[in-house]
Amino acid sequence: FGPKGDITQKGYEKKRSKLLQAYLPHTPGNTHTLFYQAAYGFYCRRIPVTPSSSSSSSSRYQRRRSTGTRDERYRSDVHSEAVQAALERHSERKMAVLLPSKRQSLIGQTSMDTYTPPDSSSGSDAEGSLGRAGGVSVDSWISRALHGSPSTSSSSSSHSNSSANAARLAETNMHSYGSKNACKYSQGSVPVSSRVSAKIQQLVNTLKRPKRRPLREFFVEDFEELLEVQQPDPSLPRPEGAESTPIQGEELNGLKNCPASLEAALLRWGAIAPKAPCLTTTHSNAKQPYTLTYGKLWSKSLKLAYNLLHKLGSKQEPIIHPGDRVALVYPNNDPAAFMVAFYGCLLAEVVPVPIEVPLTKKDAGSQQIGFLLGSCGVGVALTSDACHKGLPKSASGDVMQFKGWPKLLWVLTDSKHLSKPPREWFPLIKDANNDTAYIEYKTCKDGSVLGITVTRMAMLTHCQTLTHTCGYSEAETMVNVLDFKKGIGLWHSVQMSVLNMLHVVSVPYALMKVNPLSWIQKVCQYKAKVACVKSRDLHWALIAYKDQSDTNMSSLRMLLVADGSNPWSISSCDAFLNVFQSMGLRSEVICPCAGSPEALTVAVRRSGLPGGRGVLSMTNLSHGVIRVDNGEKLSVLTLQDVGTAMPGAMVCVVKLEGVPQLCKTDEIGEICVSSVATGTSYYGLTGMSKNTFEVCPVACDSGLVSDCVFVRSGLLGFVGPGGMIFISGTLEGLMQVGGRKHNADDIIATALAVEPMKFIYRGRTVVFSVNVLYDERIVLVAEQRPDSTEEESNQWMSRVLQAIDGIHQVGVYCLALVPANTLPKTPLGGIHLSETKQLFLEGALHPCSILMCPHSCITNLPKPRQKQPEVGPASVMVGNLVAGKRMAQASGRDLSHMEDNEQFLFLSEVLQWRAQTTPDHILYTLINSRGAIGSSLTCLQLHKRAEKIATLLYERGQLRDGDHVALVYPPGLDLIAAFYGSLYAGCIPITVRPPHPQNISTTLPTVKMILEVSRSVCVMTTQAISKLLKSRDASVAVDFKSWPPILETDDLPKRRCPLLYKPCDPDSLAYLDFSVSTTGMLAGVKMSHNATSALCRSVKLQCELYPSREVAVCLDPYCGLGFVLWCLCSVYAGQQSVLISPMDLEVNPALWLQSVSQFKVRDTFCSYSVMELCTRSLSSLTDSLKARGMDLTRVRSCVVVAEERPRVALTQSFCKLFKDVGLHPRAVSTAFGCRVNLAVCLQGTSGPDPTTVYVDMRALRHDRVRLVERGSPHSLALMESGKILPGVRIIIANPETKGPIGDSHLGEIWVHSPQNASGYFTVFGEENVRSDHFGARLSFGDTQTVWARTGYLGFLRRTDLTDASGERHDALYVVGALDEVMELRGMKYHPIDIETSIIRAHRNITECAVFTWTNLLVVVVELDGSEQEALDLVPMVTNVVLEEHYLIVGVVVVVDSGVIPINSRGEKQRMHLRDGFLADQLDPIYVAYNM
């Protein structure tokens, strides 16, 4: 979203302010603050609010707040106007944000049932409106959003008019980039033919104009693939002030007559003023408030202390000793019971650990609380009777054991459950000392919970400093709305109140929800002098206030705002003052304060003193520099002071990173405090405690600033003029993105300023950062209103992105919307940050809308590789020779030795010879799906059947020599007989997979296409398949009349053929082998008689096949090595083949391995799809298979027949799983074949075991091979693809220059062998492109040899092993198909590598496929789960591809299981998938377009 053209930052700022001048209203502020930058730093002056400005502002505020219920912690009129101005700027530029498309069922399913009904304050209406979201087409919305037209479209289906949509998008691009650019881009655009492709085209065009200047591209040599490092910009703002100095608070003079400890204070007031009220609490349901007097507090605390020490356990072995830790578990509506428990513990010298009440077994953060209790050694939990009844119970009636919690003894502290102490028993009241008084818990950014120990001396001193600063006097009344268990609520309403005998009126959270004005009513009723509130309570009171005439707040001398250090609380304070000033509220009464669990109270603004303000530039703050805003007003942050240092304390500001060095006066840092009144350590964590509680700040000359140690407060800010402390944020909310610091609260404020009333449910928004690719990335999660439509969601998300970019100049990496009330909550109802972040990182957030923006956020990708002028092949060869590297070439054994049957050149002659010499020798045994022998064929039976089929072809088919015959048979013996029958008749057979009866509409056209391409004049098949071809369903897909003549071979003629065909030319065609490659190309290769015999011979030699051997084959018998092993090898070598149809494994997954075990087979062949089916289906059945007698110990070679890179993970899983039934891992290997040579490598029986190497994946992207250790980062395991077959020569060549290359480079595998196919019969649609595949010659070196190009990339490695001939063994490693290589950012990626990463990313991803389209990476993932979980996959997929491959995913498509097409060999058909995606045929659950 950057400005047009490349301009400097300064010029850009100038241009922006000029553009915005018209849109920036001059806001009448409530408080005018003048900030002057002087030599020292700042000077500030507060001008009091005048009544006239007050009333006008008041009426304006009331107008605003009547419209909705936004979270007013973050409300600021000035900021809202700035956000609107930023959005205005974006709308002028007509920024196109691409919207996701969602399946209609998914939109409908987010029904009202999934939401809890919002209470009255959420202002929801029209509950049924959610269902309408499905009606509006996403496309019409894009059009309206981009052109600003009114919402007038009628509801339409999700498949809208594509061409009109494309035209609209093209027009949009013209608007976006100007006509000149639009023309330039449209020339290179792909024609838009569908909804999806139109969206991608729009995304492509959007990305062609990058947000920032493009990186300077250059070639990165070898492996120096460093991430782009942002160079420091000399024009960035830097701190220029003098070094700051620590500020010293005033002396803490001993308060007159002050008790020596809090227990002593309690004893004093309990004795001299027992009737004085200590605490009044109102339950939301109780009629009368309950008042606890000081006398009662003393007696109850005394009773509890006695019972803790003497009534738990036995006299000899009491459970609790002084100094032990106990948990205090009290609800927020029972401060009286908590206070009794707290002081009871102090009297018993036991350490209380106040925690929240666990409401359910799976409370957010509950496990971490349990870890804290365990580490503190807590074994006893104190609670009240009412609270105990509400705790979750187990079946036995005891309190449930919460996850991660230690075993606790629950003790009820109500008086009726306690014994009265004897008269002579009295606790020892000591002076305050350095023993631990209590432990306060704190939840960190990462979700871990720490316990901060506070000593008795620190607690007393803290109370004294608060008394001194806030001017407390005896018997004053205080109204408290804060949580009394921790922080400011605990310090003021429980500890300091007892020191000064205050009367605290507690207003519980539950009552505030029902009646937000209740705290103001209590102030009026009790004429309270002090009120402790949060800015949220001020806001709620304003919303509920309806001009009640009896409100009088003149009694208040101090309104303590607990979160006054949050810059976004100012607007609530101002608005509250404007409304209630006329009711006696004085401006100087409002006292913001700052505190943290570690440093306790850092500062409080004294009542009656005027405050200071500063309007600071947010851009400069992001660089850690303080600059007064220069009038731009778009990106500003208003800060108010929180007073000066506390009495007896010293405050300094230190740098955030590295050594705790003092900041400069105009630099933001962390506030550190040195005082007696601070925490002392994190319980049990010495190292962390030292870093936080024992900080020794140093000056720029490295000298210590003070002899005292300081405590880090976790608050960020600076010390302004007059020693006033300003807080700009917290360390917990800090996010460092691209070298700049942003505060989560500031981002939330901007998001909420974008149409908050309409959209966010009760302002529930959370912002956090996640680490992706070595930098933090901003994630924003919000709960949307239950009645929000899909259209509103998309509009809001795009506006929020623009607003945050405009105000903060930072990109949001991910924006997720979840249904209302679904985010994990804190005990007081806020969003639990770390749990939400954890859900996001685990992919368990279940958003209903998501928008990822990696393109605009990720600016540190590795530099793209630029292609250099290609080095000539001669130079490469010479270079390798000079470097001492061998050229990558290898060969298998010689084929010189001849045997009996090798005198025959033709397979038909071999079969006739076997029928004469060994007529009863069984060649084939077919196993049925039940595991029994279905049928078998001897040499003579096969010969006779083949003769009859030849007769059928002559007589009924009227075929001549050389005619092409299609054999459409299921896997079995009929196919074999038909093949040899065709050879006997002199016809050319083509084996074709029959159509699938359940999926006839898609499989039948493929059969018809192969028949047409192969020019088959006749079809031979069984009666059942012939019937299927004539069925009504088949006729819908393919007209039956268009088929060539069909011959059924069930009833063969009785008489045999008078004369068998004898081929004369060994180079003539034997059969055609048709197959669909992984790139979706249908290719038929011509196999001559010579090549067929040579192939059978080399397989026979490699696997040592003889008539006495048995081999089990579980492969598809239609193409490649599968067909050779099923139909040809047994006839050639004479071994008995046990045939198992892979289709039968779907019914009986154990069939293959049971047959191998039953027939005691030593050699077996399978495919990856068979291996995967066995691994998946039999994983839990190995014990039962072993019990049923399965034994695989005799298997010496289990070969996976594949035309791809060996699948290492699957092979290892298979070996590990079936190790229990005797399978040796060394037996399992992979063969490699391709279209030009059906079998290049095959492990065989002799020779070294297959080897596995680990290569650097980043090097492979540059076509280099670099071996690394196992487990190295970016390592990729590659398994050898078997041994090179006899008679085969291999060379690795550069696919572009066709020159030979060294073995340290990745190149194309070229093969020279007598078994190479003769050429393509036809390549459907690509006849010319592939002409050199069979007749390639090297451009340098051996230029005479004719090679066949396999189309696969790989490399050769000479190993330390020796082969059968005693030579060192050369291993071939296949990396991937050349056609599938994706070139992105100048580097080469193999889809399988990216897919492997993606499948690991989330448990619900069952399968995935990736492909590119116009330089965009598209990822299709199959979801195994409910459609509600579909959107969880989008960030997980984007993250993992960025982290592991340094690539940005352009489109994520979530589909149902089984959508990704897979061929019979188990290989993904990525190009078919791509075509389906672009034609919008996938019916995706969700399509996310990453911006």
# chains A, B, ... in the order shown; residues from 1 in each chain; ligands from 1
>>> select_by_dssp(residues="segment 715-746 of chain A", states="strand (DSSP E or B)", output="number ranges by chain")
A: 715-719, 725-730, 734-737, 740-743
>>> residues_around(residues="segment 540-548 of chain A", least_positions_apart="3", cutoff="7 Å", atoms="only C-alpha atoms", output="list in words")
Arg65, Pro516, Leu517, Arg536, Asp537, Thr551 and Phe576 of chain A
>>> write_last_selection(atoms="C-alpha atoms", output="PDB file, in the first residue's frame")
ATOM      1  CA  ARG A  65     -21.782   6.695  22.862  1.00  0.00           C
ATOM      2  CA  PRO A 516     -22.444  -0.071  35.754  1.00  0.00           C
ATOM      3  CA  LEU A 517     -23.448   3.007  37.814  1.00  0.00           C
ATOM      4  CA  ARG A 536     -13.379   0.635  31.691  1.00  0.00           C
ATOM      5  CA  ASP A 537     -15.548   1.433  34.741  1.00  0.00           C
ATOM      6  CA  THR A 551     -25.608  12.309  41.742  1.00  0.00           C
ATOM      7  CA  PHE A 576     -15.953  11.168  32.360  1.00  0.00           C
TER       8      PHE A 576
END
>>> residues_around(residues="Thr925 of chain A", least_positions_apart="4", cutoff="7 Å", atoms="only C-alpha atoms", output="PyMOL selection string")
chain A and resi 933+935-937+1137-1139
>>> select_by_dssp(residues="segment 222-316 of chain A", states="helix (DSSP H, G or I)", output="ChimeraX atom specification")
/A:262-272,294-310
>>> closest_residue(among="A:Lys948, A:His79, A:His1333, A:Lys362", to="Tyr1320 of chain A", atoms="only C-alpha atoms")
A:His1333
>>> atom_distance(atom1="atom CA of Ile1398 of chain A", atom2="atom CA of Val1451 of chain A")
13.6 Å
>>> residues_around(residues="segment 369-380 of chain A", least_positions_apart="5", cutoff="12 Å", atoms="only C-alpha atoms", output="ChimeraX atom specification")
/A:308,312-313,319-321,323-329,345,350-358,361-364,401-413,438-444,447-453,682-685
>>> residues_around(residues="His1445 of chain A", least_positions_apart="3", cutoff="9 Å", atoms="only C-alpha atoms", output="PDB file with N, CA and C atoms, in the first residue's frame")
ATOM      1  N   MET A1257      18.963 -28.955   1.042  1.00  0.00           N
ATOM      2  CA  MET A1257      17.833 -28.609   0.178  1.00  0.00           C
ATOM      3  C   MET A1257      18.045 -27.257  -0.495  1.00  0.00           C
ATOM      4  N   ARG A1258      18.719 -26.346   0.209  1.00  0.00           N
ATOM      5  CA  ARG A1258      18.943 -25.014  -0.376  1.00  0.00           C
ATOM      6  C   ARG A1258      19.904 -25.100  -1.554  1.00  0.00           C
ATOM      7  N   HIS A1274      17.711 -27.882   7.075  1.00  0.00           N
ATOM      8  CA  HIS A1274      17.453 -27.894   5.630  1.00  0.00           C
ATOM      9  C   HIS A1274      17.990 -29.163   4.955  1.00  0.00           C
ATOM     10  N   TYR A1389      12.376 -25.450  -7.264  1.00  0.00           N
ATOM     11  CA  TYR A1389      11.744 -26.169  -6.148  1.00  0.00           C
ATOM     12  C   TYR A1389      11.033 -27.403  -6.694  1.00  0.00           C
ATOM     13  N   ASP A1393       8.888 -31.593  -1.953  1.00  0.00           N
ATOM     14  CA  ASP A1393       9.547 -31.044  -0.758  1.00  0.00           C
ATOM     15  C   ASP A1393       8.618 -30.100  -0.014  1.00  0.00           C
ATOM     16  N   ILE A1394       7.939 -29.248  -0.785  1.00  0.00           N
ATOM     17  CA  ILE A1394       7.010 -28.297  -0.159  1.00  0.00           C
ATOM     18  C   ILE A1394       5.822 -29.060   0.431  1.00  0.00           C
ATOM     19  N   SER A1397       6.550 -30.666   3.816  1.00  0.00           N
ATOM     20  CA  SER A1397       6.494 -29.682   4.914  1.00  0.00           C
ATOM     21  C   SER A1397       5.044 -29.390   5.286  1.00  0.00           C
ATOM     22  N   VAL A1440       4.600 -22.517   7.423  1.00  0.00           N
ATOM     23  CA  VAL A1440       5.589 -23.587   7.247  1.00  0.00           C
ATOM     24  C   VAL A1440       6.332 -23.432   5.919  1.00  0.00           C
ATOM     25  N   VAL A1441       5.636 -22.967   4.883  1.00  0.00           N
ATOM     26  CA  VAL A1441       6.305 -22.790   3.587  1.00  0.00           C
ATOM     27  C   VAL A1441       7.289 -21.619   3.667  1.00  0.00           C
ATOM     28  N   LEU A1442       6.927 -20.595   4.406  1.00  0.00           N
ATOM     29  CA  LEU A1442       7.849 -19.465   4.601  1.00  0.00           C
ATOM     30  C   LEU A1442       9.079 -19.893   5.383  1.00  0.00           C
ATOM     31  N   ILE A1448       6.513 -17.424  -0.432  1.00  0.00           N
ATOM     32  CA  ILE A1448       5.214 -16.910   0.002  1.00  0.00           C
ATOM     33  C   ILE A1448       4.127 -17.638  -0.782  1.00  0.00           C
TER      34      ILE A1448
END
>>> closest_residue(among="A:Asp1456, A:Glu250, A:Glu1203, A:Glu1110", to="Ile1485 of chain A", atoms="only C-alpha atoms")
A:Asp1456
>>> closest_residue(among="A:Gly1134, A:Gly962, A:Pro100, A:Pro1044", to="Ala985 of chain A", atoms="only C-alpha atoms")
A:Gly962
>>> residues_around(residues="Ser299 of chain A", least_positions_apart="3", cutoff="12 Å", atoms="only C-alpha atoms", output="list of chain:residue names")
A:Leu266, A:Leu267, A:Trp269, A:Gly270, A:Ala271, A:Pro274, A:Leu292, A:Thr293, A:Tyr294, A:Gly295, A:Lys296, A:Leu302, A:Lys303, A:Leu304, A:Ala305, A:Tyr306, A:Val340, A:Ala341, A:Tyr343, A:Gly344, A:Leu347, A:Ser415, A:Leu418, A:Lys420, A:Pro421, A:Arg423, A:Phe426, A:Pro427
>>> closest_residue(among="A:Ile247, A:Leu815, A:Val779, A:Leu1417", to="Ser706 of chain A", atoms="only C-alpha atoms")
A:Ile247
>>> residues_around(residues="Pro508 of chain A", least_positions_apart="3", cutoff="12 Å", atoms="only C-alpha atoms", output="MDAnalysis selection string")
chainID A and resid 280:285 289 331:336 479:484 489 505 511:516 518:519 522 533 537 828
>>> write_last_selection(atoms="N, CA and C atoms", output="mmCIF file, in the first residue's frame")
data_model
loop_
_atom_site.group_PDB
_atom_site.id
_atom_site.type_symbol
_atom_site.label_atom_id
_atom_site.label_comp_id
_atom_site.auth_asym_id
_atom_site.auth_seq_id
_atom_site.Cartn_x
_atom_site.Cartn_y
_atom_site.Cartn_z
ATOM 1 N N THR A 280 -17.330 -3.223 53.449
ATOM 2 C CA THR A 280 -18.748 -3.435 53.125
ATOM 3 C C THR A 280 -18.808 -4.004 51.715
ATOM 4 N N THR A 281 -19.510 -5.113 51.587
ATOM 5 C CA THR A 281 -19.599 -5.733 50.256
ATOM 6 C C THR A 281 -21.045 -5.986 49.898
ATOM 7 N N THR A 282 -21.381 -5.789 48.625
ATOM 8 C CA THR A 282 -22.751 -5.976 48.144
ATOM 9 C C THR A 282 -22.759 -7.095 47.121
ATOM 10 N N HIS A 283 -23.503 -8.150 47.397
ATOM 11 C CA HIS A 283 -23.695 -9.186 46.376
ATOM 12 C C HIS A 283 -24.788 -8.713 45.432
ATOM 13 N N SER A 284 -24.680 -9.094 44.170
ATOM 14 C CA SER A 284 -25.671 -8.619 43.197
ATOM 15 C C SER A 284 -27.064 -9.152 43.529
ATOM 16 N N ASN A 285 -27.145 -10.308 44.238
ATOM 17 C CA ASN A 285 -28.473 -10.869 44.542
ATOM 18 C C ASN A 285 -28.918 -10.587 45.982
ATOM 19 N N PRO A 289 -26.330 -5.117 52.201
ATOM 20 C CA PRO A 289 -24.865 -5.289 52.126
ATOM 21 C C PRO A 289 -24.348 -5.876 53.437
ATOM 22 N N PRO A 331 -13.837 -16.179 45.308
ATOM 23 C CA PRO A 331 -14.441 -15.512 44.138
ATOM 24 C C PRO A 331 -14.377 -13.993 44.287
ATOM 25 N N ASN A 332 -14.604 -13.305 43.188
ATOM 26 C CA ASN A 332 -14.487 -11.844 43.177
ATOM 27 C C ASN A 332 -15.619 -11.141 43.931
ATOM 28 N N ASN A 333 -16.632 -11.900 44.315
ATOM 29 C CA ASN A 333 -17.738 -11.240 45.034
ATOM 30 C C ASN A 333 -17.654 -11.476 46.541
ATOM 31 N N ASP A 334 -16.532 -12.012 47.035
ATOM 32 C CA ASP A 334 -16.425 -12.299 48.472
ATOM 33 C C ASP A 334 -15.124 -11.752 49.050
ATOM 34 N N PRO A 335 -14.966 -10.401 49.068
ATOM 35 C CA PRO A 335 -13.719 -9.838 49.600
ATOM 36 C C PRO A 335 -13.557 -10.065 51.092
ATOM 37 N N ALA A 336 -14.680 -10.185 51.824
ATOM 38 C CA ALA A 336 -14.599 -10.342 53.291
ATOM 39 C C ALA A 336 -13.889 -11.647 53.638
ATOM 40 N N VAL A 479 -14.262 3.507 47.864
ATOM 41 C CA VAL A 479 -15.038 2.578 47.031
ATOM 42 C C VAL A 479 -14.054 1.877 46.100
ATOM 43 N N ASN A 480 -14.080 0.533 46.097
ATOM 44 C CA ASN A 480 -13.125 -0.219 45.275
ATOM 45 C C ASN A 480 -13.855 -1.107 44.264
ATOM 46 N N VAL A 481 -13.500 -0.939 42.989
ATOM 47 C CA VAL A 481 -14.083 -1.781 41.932
ATOM 48 C C VAL A 481 -13.043 -2.796 41.442
ATOM 49 N N LEU A 482 -11.786 -2.625 41.854
ATOM 50 C CA LEU A 482 -10.703 -3.452 41.305
ATOM 51 C C LEU A 482 -10.686 -4.836 41.940
ATOM 52 N N ASP A 483 -9.964 -5.742 41.276
ATOM 53 C CA ASP A 483 -9.773 -7.096 41.790
ATOM 54 C C ASP A 483 -8.932 -7.005 43.061
ATOM 55 N N PHE A 484 -9.496 -7.438 44.199
ATOM 56 C CA PHE A 484 -8.823 -7.275 45.492
ATOM 57 C C PHE A 484 -7.764 -8.352 45.732
ATOM 58 N N GLY A 489 -5.683 -3.230 43.466
ATOM 59 C CA GLY A 489 -6.833 -3.565 44.318
ATOM 60 C C GLY A 489 -6.398 -4.160 45.642
ATOM 61 N N VAL A 505 -15.621 0.073 50.624
ATOM 62 C CA VAL A 505 -16.898 -0.410 50.062
ATOM 63 C C VAL A 505 -16.547 -1.108 48.748
ATOM 64 N N LEU A 511 -21.818 -7.257 39.967
ATOM 65 C CA LEU A 511 -22.763 -6.150 40.155
ATOM 66 C C LEU A 511 -22.520 -5.074 39.106
ATOM 67 N N MET A 512 -21.259 -4.831 38.771
ATOM 68 C CA MET A 512 -20.928 -3.835 37.747
ATOM 69 C C MET A 512 -21.517 -4.218 36.394
ATOM 70 N N LYS A 513 -21.559 -5.523 36.110
ATOM 71 C CA LYS A 513 -22.124 -5.959 34.831
ATOM 72 C C LYS A 513 -23.618 -5.679 34.773
ATOM 73 N N VAL A 514 -24.280 -5.846 35.932
ATOM 74 C CA VAL A 514 -25.730 -5.602 35.981
ATOM 75 C C VAL A 514 -26.022 -4.104 36.020
ATOM 76 N N ASN A 515 -25.258 -3.397 36.858
ATOM 77 C CA ASN A 515 -25.505 -1.961 37.051
ATOM 78 C C ASN A 515 -24.172 -1.208 37.030
ATOM 79 N N PRO A 516 -23.751 -0.733 35.847
ATOM 80 C CA PRO A 516 -22.444 -0.071 35.754
ATOM 81 C C PRO A 516 -22.334 1.206 36.578
ATOM 82 N N SER A 518 -23.237 1.422 39.671
ATOM 83 C CA SER A 518 -23.283 1.079 41.099
ATOM 84 C C SER A 518 -22.145 1.725 41.890
ATOM 85 N N TRP A 519 -20.956 1.823 41.290
ATOM 86 C CA TRP A 519 -19.836 2.396 42.070
ATOM 87 C C TRP A 519 -20.062 3.888 42.333
ATOM 88 N N LYS A 522 -22.482 4.188 45.144
ATOM 89 C CA LYS A 522 -21.831 3.937 46.440
ATOM 90 C C LYS A 522 -21.038 5.180 46.884
ATOM 91 N N VAL A 533 -10.713 2.665 40.505
ATOM 92 C CA VAL A 533 -11.446 2.154 39.336
ATOM 93 C C VAL A 533 -10.461 1.942 38.172
ATOM 94 N N ASP A 537 -14.413 1.134 33.856
ATOM 95 C CA ASP A 537 -15.548 1.433 34.741
ATOM 96 C C ASP A 537 -16.079 2.842 34.486
ATOM 97 N N LEU A 828 -11.834 -12.422 34.811
ATOM 98 C CA LEU A 828 -12.739 -11.264 34.823
ATOM 99 C C LEU A 828 -13.381 -11.020 33.464
#
>>> atom_distance(atom1="atom CA of His742 of chain A", atom2="atom CA of Phe759 of chain A")
24.3 Å
>>> atom_distance(atom1="atom CA of Thr917 of chain A", atom2="atom CA of Leu1128 of chain A")
18.2 Å
